[in-house]
$ cat query.cif   # mmCIF, C-alpha atoms
data_model
#
loop_
_atom_site.label_atom_id
_atom_site.label_comp_id
_atom_site.auth_asym_id
_atom_site.auth_seq_id
_atom_site.Cartn_x
_atom_site.Cartn_y
_atom_site.Cartn_z
CA MET A 76 -11.94 13.71 -8.31
CA THR A 77 -14.15 11.03 -6.96
CA LEU A 78 -13.65 10.07 -3.38
CA LEU A 79 -13.39 6.46 -2.43
CA GLN A 80 -16.87 5.25 -1.72
CA GLU A 81 -17.44 3.77 1.66
CA ASN A 82 -19.32 0.59 2.14
CA PRO A 83 -22.28 1.19 4.48
CA ALA A 84 -22.09 -2.38 5.79
CA GLU A 85 -18.43 -2.02 6.70
CA THR A 86 -19.02 1.35 8.30
CA ALA A 87 -21.96 0.01 10.28
CA TYR A 88 -19.96 -2.99 11.43
CA GLU A 89 -17.07 -0.89 12.66
CA ALA A 90 -19.40 1.67 14.19
CA GLU A 91 -21.10 -1.10 16.14
CA LEU A 92 -17.77 -2.48 17.31
CA ILE A 93 -16.63 0.97 18.36
CA GLN A 94 -19.85 1.67 20.21
CA ARG A 95 -19.57 -1.58 22.14
CA ILE A 96 -15.93 -0.92 22.99
CA LYS A 97 -16.89 2.52 24.26
CA SER A 98 -19.55 0.84 26.36
CA GLY A 99 -16.94 -1.27 28.10
CA GLU A 100 -16.46 -4.34 25.92
CA HIS A 101 -12.79 -3.58 25.61
CA ASP A 102 -11.81 -7.01 24.35
CA LEU A 103 -13.51 -6.19 21.07
CA PHE A 104 -10.77 -3.69 20.39
CA TYR A 105 -8.52 -6.56 19.30
CA ARG A 106 -11.01 -7.40 16.59
CA LEU A 107 -11.35 -3.79 15.56
CA ILE A 108 -7.66 -3.24 14.99
CA GLN A 109 -6.64 -6.68 13.75
CA PRO A 110 -7.22 -5.91 10.04
CA TYR A 111 -5.05 -2.82 10.35
CA GLU A 112 -2.02 -4.10 12.28
CA ARG A 113 0.02 -4.50 9.11
CA ARG A 114 -0.81 -1.05 7.82
CA VAL A 115 -0.03 0.62 11.12
CA TYR A 116 3.36 -1.07 11.34
CA ALA A 117 4.27 -0.37 7.70
CA THR A 118 3.19 3.24 8.05
CA ALA A 119 5.37 3.70 11.13
CA LEU A 120 8.27 2.00 9.38
CA SER A 121 7.89 4.32 6.41
CA ILE A 122 8.67 7.23 8.72
CA VAL A 123 11.34 5.93 11.07
CA ARG A 124 12.93 3.16 8.97
CA ASN A 125 13.92 1.13 12.01
CA GLU A 126 11.91 -2.02 12.67
CA ALA A 127 12.14 -1.92 16.45
CA ASP A 128 11.11 1.75 16.56
CA ALA A 129 8.32 1.07 14.08
CA GLU A 130 6.89 -1.69 16.23
CA ASP A 131 7.08 0.47 19.32
CA ILE A 132 5.34 3.31 17.50
CA ALA A 133 2.71 0.93 16.16
CA GLN A 134 1.95 -0.26 19.68
CA ASP A 135 1.85 3.30 21.01
CA SER A 136 -0.44 4.39 18.18
CA ILE A 137 -2.88 1.54 18.65
CA LEU A 138 -2.91 2.07 22.39
CA LYS A 139 -3.51 5.78 21.83
CA ALA A 140 -6.39 4.94 19.50
CA PHE A 141 -7.88 2.80 22.25
CA ARG A 142 -7.53 5.49 24.88
CA HIS A 143 -8.96 8.19 22.62
CA LEU A 144 -11.62 6.12 20.96
CA SER A 145 -14.27 8.29 22.59
CA GLN A 146 -12.99 11.16 20.45
CA PHE A 147 -13.55 9.25 17.23
CA ARG A 148 -16.72 10.69 15.74
CA GLY A 149 -16.94 8.56 12.66
CA GLU A 150 -16.42 11.50 10.33
CA ALA A 151 -13.61 9.63 8.64
CA ARG A 152 -12.92 5.94 8.28
CA PHE A 153 -11.54 4.35 11.41
CA SER A 154 -8.55 3.12 9.40
CA THR A 155 -7.80 6.64 8.20
CA TRP A 156 -8.03 7.99 11.75
CA LEU A 157 -5.78 5.21 13.04
CA LEU A 158 -3.16 5.80 10.35
CA GLN A 159 -3.23 9.55 10.99
CA ILE A 160 -2.46 8.83 14.65
CA THR A 161 0.36 6.57 13.54
CA ILE A 162 1.83 9.19 11.22
CA ASN A 163 1.75 11.77 14.03
CA GLU A 164 3.27 9.40 16.56
CA ALA A 165 6.03 8.42 14.15
CA ARG A 166 6.84 11.99 13.29
CA MET A 167 6.92 13.02 16.95
CA ARG A 168 9.21 10.10 17.72
CA LYS A 169 11.42 11.01 14.83
CA ARG A 170 11.69 14.58 16.02
CA ARG A 171 12.61 13.41 19.48
CA MET A 172 15.30 11.24 18.01
CA THR A 173 16.61 14.32 16.21
CA LEU A 174 16.68 12.45 12.98
CA ARG A 175 15.27 15.34 11.05
CA ALA A 176 18.70 16.79 10.39
CA MET A 177 19.80 13.47 9.00
CA GLU A 178 16.94 13.19 6.59
CA SER A 179 17.81 12.13 3.09
CA ILE A 180 18.67 14.84 0.67
CA SER A 181 15.81 13.51 -1.38
CA ASP A 182 13.41 15.28 0.95
CA GLN A 183 14.76 18.59 -0.19
CA GLN A 184 13.87 17.90 -3.77
CA ASN A 185 11.17 19.94 -5.36
CA ASP A 186 7.98 18.04 -6.10
CA GLU A 187 7.24 20.19 -9.08
CA GLY A 188 10.48 19.54 -10.92
CA ASP A 189 10.74 16.73 -13.41
CA TYR A 190 12.71 13.66 -12.60
CA MET A 191 14.50 12.24 -15.57
CA PRO A 192 14.84 8.48 -15.46
CA ARG A 193 18.15 6.92 -16.21
CA GLU A 194 18.53 4.93 -19.34
CA PHE A 195 19.08 1.24 -19.07
CA ALA A 196 19.52 -0.81 -22.17
CA ASP A 197 17.16 -3.40 -20.89
CA TRP A 198 15.09 -3.86 -17.81
CA ARG A 199 14.73 -7.56 -17.58
CA GLU A 200 11.77 -8.80 -15.68
CA ILE A 201 12.63 -9.78 -12.16
CA PRO A 202 10.70 -12.92 -11.31
CA SER A 203 8.71 -12.76 -8.13
CA GLU A 204 10.52 -15.89 -6.96
CA SER A 205 13.52 -13.65 -6.50
CA LEU A 206 11.81 -12.24 -3.43
CA GLU A 207 12.75 -15.49 -1.74
CA ARG A 208 16.37 -14.45 -2.07
CA LYS A 209 17.50 -12.48 0.89
CA GLU A 210 19.77 -10.15 -1.06
CA ILE A 211 16.92 -9.14 -3.35
CA ARG A 212 14.63 -8.34 -0.46
CA THR A 213 17.42 -6.53 1.29
CA ALA A 214 18.05 -4.48 -1.84
CA LEU A 215 14.36 -3.57 -2.07
CA VAL A 216 14.25 -2.55 1.58
CA GLU A 217 17.45 -0.53 1.27
CA ALA A 218 16.22 1.21 -1.85
CA LEU A 219 13.00 2.16 -0.13
CA SER A 220 14.87 3.30 2.92
CA SER A 221 16.94 5.64 0.76
CA LEU A 222 13.92 7.64 -0.33
CA GLY A 223 13.01 10.78 1.49
CA GLU A 224 10.17 10.47 3.96
CA LYS A 225 7.58 12.24 1.86
CA TYR A 226 8.18 9.90 -1.05
CA ARG A 227 8.56 6.80 1.06
CA SER A 228 5.36 7.32 3.02
CA VAL A 229 3.30 7.80 -0.12
CA PHE A 230 4.87 4.79 -1.80
CA VAL A 231 4.35 2.54 1.23
CA LEU A 232 0.71 3.47 1.67
CA ARG A 233 -0.11 3.27 -2.02
CA ASP A 234 2.06 0.49 -3.48
CA ILE A 235 2.71 -1.75 -0.48
CA GLN A 236 -0.44 -1.24 1.58
CA HIS A 237 -2.59 -0.71 -1.53
CA LEU A 238 -4.51 2.29 -0.27
CA SER A 239 -6.24 4.33 -2.94
CA ILE A 240 -4.87 7.69 -4.04
CA GLU A 241 -7.67 9.44 -2.16
CA GLU A 242 -7.20 7.53 1.09
CA THR A 243 -3.44 8.02 0.95
CA ALA A 244 -4.08 11.74 0.58
CA ARG A 245 -6.41 11.77 3.58
CA VAL A 246 -4.00 9.86 5.82
CA LEU A 247 -1.08 12.12 4.96
CA GLU A 248 -3.27 15.22 4.82
CA ILE A 249 -2.00 16.24 1.41
CA SER A 250 -3.80 16.65 -1.89
CA PRO A 251 -4.41 13.73 -4.26
CA GLY A 252 -2.34 15.64 -6.81
CA SER A 253 0.63 15.65 -4.42
CA VAL A 254 0.17 11.93 -3.86
CA LYS A 255 0.39 11.31 -7.59
CA THR A 256 3.40 13.55 -8.01
CA ARG A 257 5.29 11.96 -5.13
CA LEU A 258 4.30 8.49 -6.20
CA LEU A 259 5.67 9.05 -9.69
CA ARG A 260 8.93 10.34 -8.26
CA ALA A 261 9.21 7.49 -5.78
CA ARG A 262 8.61 4.85 -8.42
CA LEU A 263 11.11 6.39 -10.80
CA MET A 264 13.75 6.69 -8.10
CA LEU A 265 13.24 3.10 -7.02
CA ARG A 266 13.42 1.95 -10.61
CA ASP A 267 16.72 3.76 -11.06
CA PHE A 268 18.05 2.43 -7.81
CA LEU A 269 17.15 -1.14 -8.53
CA SER A 270 17.77 -1.40 -12.23
CA PRO A 271 20.20 -4.18 -12.91
CA GLY A 272 23.66 -3.27 -14.04
CA LEU A 273 25.70 -4.74 -16.82
CA ASN A 274 26.20 -8.00 -15.03
CA GLY A 275 22.67 -8.28 -13.81
CA GLN A 276 23.73 -7.08 -10.40
CA TRP A 277 21.75 -4.60 -8.40
CA SER A 278 22.80 -1.06 -8.93
CA ALA A 279 24.89 0.07 -5.99
CA THR A 280 24.62 3.79 -6.52
CA PRO A 281 21.29 5.51 -6.22
CA ALA A 282 20.76 7.60 -9.31
CA PHE A 283 18.89 10.20 -7.35
CA ALA A 284 21.78 10.82 -4.99
CA LYS A 285 22.73 13.56 -7.39
CA GLY A 286 19.50 15.31 -6.61
CA ASN A 287 16.76 16.60 -8.81
CA LYS A 288 17.22 16.48 -12.53
CA PRO A 289 15.16 19.25 -14.05
CA TRP A 290 14.28 18.69 -17.61
CA GLU A 291 16.53 20.74 -19.85
CA MET B 72 18.63 9.20 -22.65
CA GLU B 73 18.26 9.71 -26.35
CA CYS B 74 15.68 12.43 -25.76
CA ASP B 75 17.90 14.15 -23.24
CA ALA B 76 17.80 17.52 -24.89
CA GLY B 77 14.05 17.45 -25.17
CA VAL B 78 14.21 16.70 -28.84
CA CYS B 79 13.54 13.20 -29.98
CA GLU B 80 13.60 12.51 -33.64
CA ARG B 81 10.61 10.23 -33.48
CA GLU B 82 8.53 12.24 -31.05
CA GLN B 83 6.61 14.07 -33.72
CA ALA B 84 5.49 10.81 -35.21
CA MET B 85 4.62 9.35 -31.83
CA GLY B 86 2.11 12.00 -30.84
CA ILE B 87 3.48 12.77 -27.39
CA THR B 88 6.94 13.56 -26.15
CA CYS B 89 9.07 11.28 -24.01
CA GLU B 90 8.79 13.90 -21.27
CA THR B 91 5.02 13.61 -21.31
CA MET B 92 5.26 9.84 -21.28
CA TRP B 93 7.45 9.92 -18.18
CA ARG B 94 5.20 12.38 -16.40
CA GLU B 95 2.20 10.19 -17.05
CA SER B 96 3.90 6.81 -16.64
CA SER B 97 2.76 6.37 -13.07
CA ASN B 98 -0.84 7.25 -13.91
CA TYR B 99 -0.61 4.91 -16.89
CA ILE B 100 0.30 2.02 -14.61
CA ASP B 101 -2.51 2.92 -12.24
CA GLY B 102 -4.95 3.04 -15.15
CA THR B 103 -6.17 6.53 -14.35
CA LEU B 104 -5.50 8.15 -17.71
CA SER B 105 -8.07 9.19 -20.26
CA PRO B 106 -8.49 6.66 -23.07
CA ASP B 107 -6.95 9.10 -25.55
CA LEU B 108 -3.81 9.67 -23.51
CA GLN B 109 -3.51 6.00 -22.72
CA GLN B 110 -3.66 5.21 -26.42
CA SER B 111 -1.06 7.87 -27.16
CA ILE B 112 1.29 6.27 -24.66
CA ASP B 113 0.62 2.82 -26.10
CA GLU B 114 1.63 4.12 -29.51
CA HIS B 115 4.61 5.98 -28.12
CA ILE B 116 6.16 3.00 -26.40
CA LYS B 117 5.78 0.85 -29.49
CA ALA B 118 8.16 3.23 -31.24
CA CYS B 119 10.37 4.31 -28.32
CA GLN B 120 12.44 1.57 -26.72
CA ALA B 121 13.78 3.89 -24.03
CA CYS B 122 10.32 4.79 -22.79
CA ALA B 123 9.18 1.20 -23.04
CA SER B 124 12.07 0.34 -20.74
CA VAL B 125 11.07 3.04 -18.26
CA LEU B 126 7.53 1.77 -18.19
CA ALA B 127 8.60 -1.85 -17.82
CA GLY B 128 10.84 -0.85 -14.96
CA LEU B 129 8.08 1.01 -13.15
CA GLN B 130 5.74 -1.90 -13.58
CA ASN B 131 8.39 -4.19 -12.19
CA ILE B 132 8.80 -1.95 -9.16
CA VAL B 133 5.07 -1.86 -8.48
CA THR B 134 4.77 -5.62 -8.85
CA LEU B 135 7.72 -6.47 -6.63
CA TYR B 136 6.87 -4.07 -3.82
CA GLY B 137 3.21 -4.97 -4.09
CA ASP B 138 3.99 -8.56 -3.21
CA GLU B 139 2.60 -9.60 0.15
CA ARG B 140 6.06 -10.71 1.23
CA MET B 141 7.11 -7.07 1.30
CA ALA B 142 4.42 -6.24 3.86
CA GLU B 143 4.97 -8.93 6.42
CA LEU B 144 4.79 -8.15 10.11
CA PRO B 145 7.74 -9.06 12.30
CA SER B 146 7.37 -12.45 13.93
CA GLY B 147 5.39 -12.19 17.16
CA PHE B 148 4.11 -8.69 16.42
CA SER B 149 0.47 -9.46 17.18
CA ARG B 150 1.32 -11.36 20.35
CA ARG B 151 3.42 -8.51 21.69
CA LEU B 152 0.78 -5.97 20.73
CA HIS B 153 -1.97 -7.89 22.49
CA ARG B 154 0.17 -8.27 25.58
CA ARG B 155 0.75 -4.52 25.63
CA LEU B 156 -2.93 -3.79 25.16
CA GLU B 157 -3.88 -6.32 27.79
CA ALA B 158 -1.58 -4.63 30.27
CA ASN B 159 -3.14 -1.24 29.58
CA MET B 160 -6.81 -2.04 29.35
CA PRO B 161 -8.98 -1.14 32.31
CA THR B 162 -10.27 -4.69 32.73
CA THR B 163 -6.99 -6.54 32.82
CA ARG B 164 -7.42 -10.22 33.49
CA ARG B 165 -4.41 -11.93 34.96
CA ASN B 166 -5.49 -15.35 36.11
CA PHE B 167 -6.66 -18.42 34.27
CA PHE B 168 -10.28 -17.85 35.18
CA GLY B 169 -10.06 -14.34 33.95
CA TRP B 170 -8.56 -15.45 30.65
CA ALA B 171 -11.28 -18.06 30.24
CA VAL B 172 -13.96 -15.46 30.88
CA ALA B 173 -12.30 -13.09 28.45
CA LEU B 174 -12.03 -15.73 25.78
CA ALA B 175 -15.62 -16.86 26.19
CA GLY B 176 -16.81 -13.27 26.22
CA SER B 177 -14.85 -12.50 23.12
CA VAL B 178 -16.24 -15.50 21.27
CA LEU B 179 -19.77 -14.63 22.30
CA ALA B 180 -19.31 -10.99 21.43
CA VAL B 181 -17.81 -11.78 18.06
CA GLY B 182 -20.55 -14.30 17.42
CA GLY B 183 -23.11 -11.72 18.36
CA ILE B 184 -21.61 -9.23 16.01
CA GLU B 185 -21.48 -11.79 13.23
CA LEU B 186 -25.14 -12.52 13.78
CA SER B 187 -25.83 -8.84 13.88
CA ARG B 188 -23.97 -8.39 10.63
CA ALA B 189 -25.94 -11.17 9.06
CA SER B 190 -29.11 -9.44 10.13
CA HIS B 191 -27.89 -6.35 8.30
CA GLN B 192 -27.83 -8.48 5.18
CA VAL B 193 -24.22 -7.76 4.39
CA PRO B 194 -23.87 -8.49 0.68
CA ASP B 195 -21.68 -11.46 -0.14
CA SER B 196 -20.80 -12.02 3.49
CA ILE B 197 -18.72 -15.05 2.52
CA SER B 198 -15.65 -12.91 2.94
CA LYS B 199 -14.74 -9.91 4.99
CA HIS B 200 -13.15 -8.45 1.89
CA SER B 201 -16.47 -8.27 0.15
CA GLN B 202 -17.64 -5.86 2.83
CA HIS B 203 -15.02 -3.35 1.74
CA LEU B 204 -16.32 -3.25 -1.79
CA ALA B 205 -18.23 -0.16 -2.79
CA LYS B 206 -19.63 -1.93 -5.83
CA PRO B 207 -20.10 -5.69 -5.59
CA ILE B 208 -17.95 -7.84 -7.78
CA PRO B 209 -20.19 -10.02 -9.96
CA PRO B 210 -20.06 -13.42 -8.21
CA ASP B 211 -19.77 -15.36 -11.46
CA MET B 212 -17.06 -13.18 -12.94
CA GLN B 213 -14.04 -15.21 -14.05
CA VAL B 214 -10.87 -14.34 -12.19
CA VAL B 215 -7.44 -15.89 -11.80
CA VAL B 216 -5.28 -16.65 -8.78
CA SER B 217 -1.65 -17.67 -8.79
CA GLU B 218 -0.15 -20.22 -6.50
CA LYS B 219 0.39 -18.87 -2.99
CA GLY B 220 -1.18 -15.60 -4.15
CA ARG B 221 -3.50 -13.75 -1.81
CA LEU B 222 -5.05 -11.59 -4.49
CA PHE B 223 -7.32 -12.47 -7.36
CA HIS B 224 -7.10 -10.72 -10.69
CA LEU B 225 -8.62 -10.35 -14.10
CA ALA B 226 -6.72 -12.60 -16.49
CA ALA B 227 -5.24 -9.63 -18.34
CA CYS B 228 -3.89 -7.92 -15.22
CA PRO B 229 -0.18 -7.11 -15.63
CA PHE B 230 0.42 -7.40 -11.89
CA ILE B 231 -0.05 -11.14 -11.55
CA ILE B 232 2.81 -12.80 -9.78
CA ASN B 233 3.76 -16.33 -10.79
CA ARG B 234 1.55 -16.10 -13.84
CA GLU B 235 2.56 -19.57 -14.91
CA THR B 236 0.77 -21.03 -11.90
CA ILE B 237 -2.59 -19.29 -12.25
CA ARG B 238 -5.86 -21.08 -11.64
CA HIS B 239 -9.20 -19.91 -12.97
CA MET B 240 -12.24 -19.58 -10.75
CA THR B 241 -15.23 -17.35 -10.17
CA ALA B 242 -15.01 -14.26 -8.01
CA SER B 243 -17.36 -15.79 -5.44
CA VAL B 244 -15.03 -18.79 -5.03
CA ALA B 245 -12.03 -16.49 -4.69
CA LEU B 246 -13.79 -14.42 -2.03
CA ALA B 247 -14.90 -17.57 -0.24
CA GLN B 248 -11.25 -18.60 -0.05
CA GLY B 249 -10.42 -15.36 1.71
CA LEU B 250 -8.61 -13.84 -1.27
CA SER B 251 -8.66 -10.10 -1.86
CA PRO B 252 -9.35 -8.33 -5.16
CA CYS B 253 -6.34 -6.81 -6.90
CA THR B 254 -6.42 -3.08 -6.26
CA ARG B 255 -5.43 -2.32 -9.82
CA CYS B 256 -7.29 -4.50 -12.28
CA LEU B 257 -10.38 -4.55 -10.04
CA SER B 258 -10.09 -0.97 -8.85
CA LYS B 259 -13.57 -0.06 -9.99
CA TYR B 260 -14.92 -2.33 -7.29
CA LEU B 261 -12.86 -0.71 -4.52
#
$ encode --input "query.cif" --output "structure tokens"
Amino acid sequence: MTLLQENPAETAYEAELIQRIKSGEHDLFYRLIQPYERRVYATALSIVRNEADAEDIAQDSILKAFRHLSQFRGEARFSTWLLQITINEARMRKRRMTLRAMESISDQQNDEGDYMPREFADWREIPSESLERKEIRTALVEALSSLGEKYRSVFVLRDIQHLSIEETARVLEISPGSVKTRLLRARLMLRDFLSPGLNGQWSATPAFAKGNKPWE
Amino acid sequence: MECDAGVCEREQAMGITCETMWRESSNYIDGTLSPDLQQSIDEHIKACQACASVLAGLQNIVTLYGDERMAELPSGFSRRLHRRLEANMPTTRRNFFGWAVALAGSVLAVGGIELSRASHQVPDSISKHSQHLAKPIPPDMQVVVSEKGRLFHLAACPFIINRETIRHMTASVALAQGLSPCTRCLSKYL
């Protein structure tokens, strides 16, 4: 497994920014975090599923990163460190909100088991223009929201935020193999959820609501 | 599915089972399979409509969710974040003079950093995205960009949105326009 190579120029640039912020040029923090605002928000949303909570968590996480910047040693990428803070903040918030008991049954599924995709006679291509339609975007958001946290967080980091397998693994502190396994499951579940029905409508019933489908 | 019981009449002829195809479908889309396994899947889906449908569905999912419109920040997010940070930073500036000083300082600081970066001879500094690349994209490499797209791709990339609107250009032009490389077809540069 090859780790994602880091660009020395990028690392040096961020290291310089961080050093100057630590030295008191606090305004530079805006520039440091600006490229990562989207990722922080999406990562928080992948855990708590509520936009208002996600924004609050994103703000808390970024503020926490500012306050604890002196503890950042540069052993990992700044973005990885920032997203790890976000994941921890979101999970703590979620625990406080006692949402754990309400977690989707999907979370209880076994990673190691096979997930058998449903058969659809034809998966017609959905044109990207359809994303302009509110009901399509709503369906995508709802489908994603229906996944268990461990699948949703991997999918969001990898397929929406376009992190590499290795960086996703580092942020979530799981193995690259687990990332791949969860990503496969997440994609298959979303495909089943969103596959058009007989009339080209969005499927209303998540196929995975029945739980794991071990290969027989 | 037709291979529900684990026995598919055509599987023997197709080299790999439908089960194997499904297990590897995600890696296939990400292009991380060995050439041999990738070829086996290519052959399998030519003969197995059900698996071809699964793969097409997965690709559709990755394309739709990978669209930038699925990753938009709520309106006003940055403004609210900056206000929160401003209120919590040690050197909070609350009056007009303070704002002006902060703005000027920020511009100077950023300018200083940009100069500093230039002095580090950042390769292809025409775009911030180029600084994230572990291996430089050849500047004269031909790439394509679709209308309103924020990514540039190789022409054969299956994840191009609005393919009918693509324009051809060199990678250096795409980077100069602030576009980012597709994380799939150009993954070897990431």
$ residues_around --input "query.cif" --residues "Phe230 (chain A)" --least-positions-apart "2" --cutoff "8 Å" --atoms "all atoms listed in the file" --output "ChimeraX atom specification"
/A:226-228,232-235,257-258,261-262
$ atom_distance --input "query.cif" --atom1 "CA of Ile249 (chain A)" --atom2 "CA of Leu158 (chain A)"
13.8 Å
$ closest_residue --input "query.cif" --among "A:Arg171, A:Arg245, A:Pro251, A:Ile211" --to "Ser270 (chain A)" --atoms "only C-alpha atoms"
A:Ile211
$ residues_around --input "query.cif" --residues "Val254 (chain A)" --least-positions-apart "4" --cutoff "8 Å" --atoms "only C-alpha atoms" --output "MDAnalysis selection string"
chainID A and resid 229 240 243:244 249:250 258
$ closest_residue --input "query.cif" --among "A:Glu150, A:Thr118, A:Gln134, A:Asp128" --to "chain B" --atoms "only C-alpha atoms"
A:Gln134
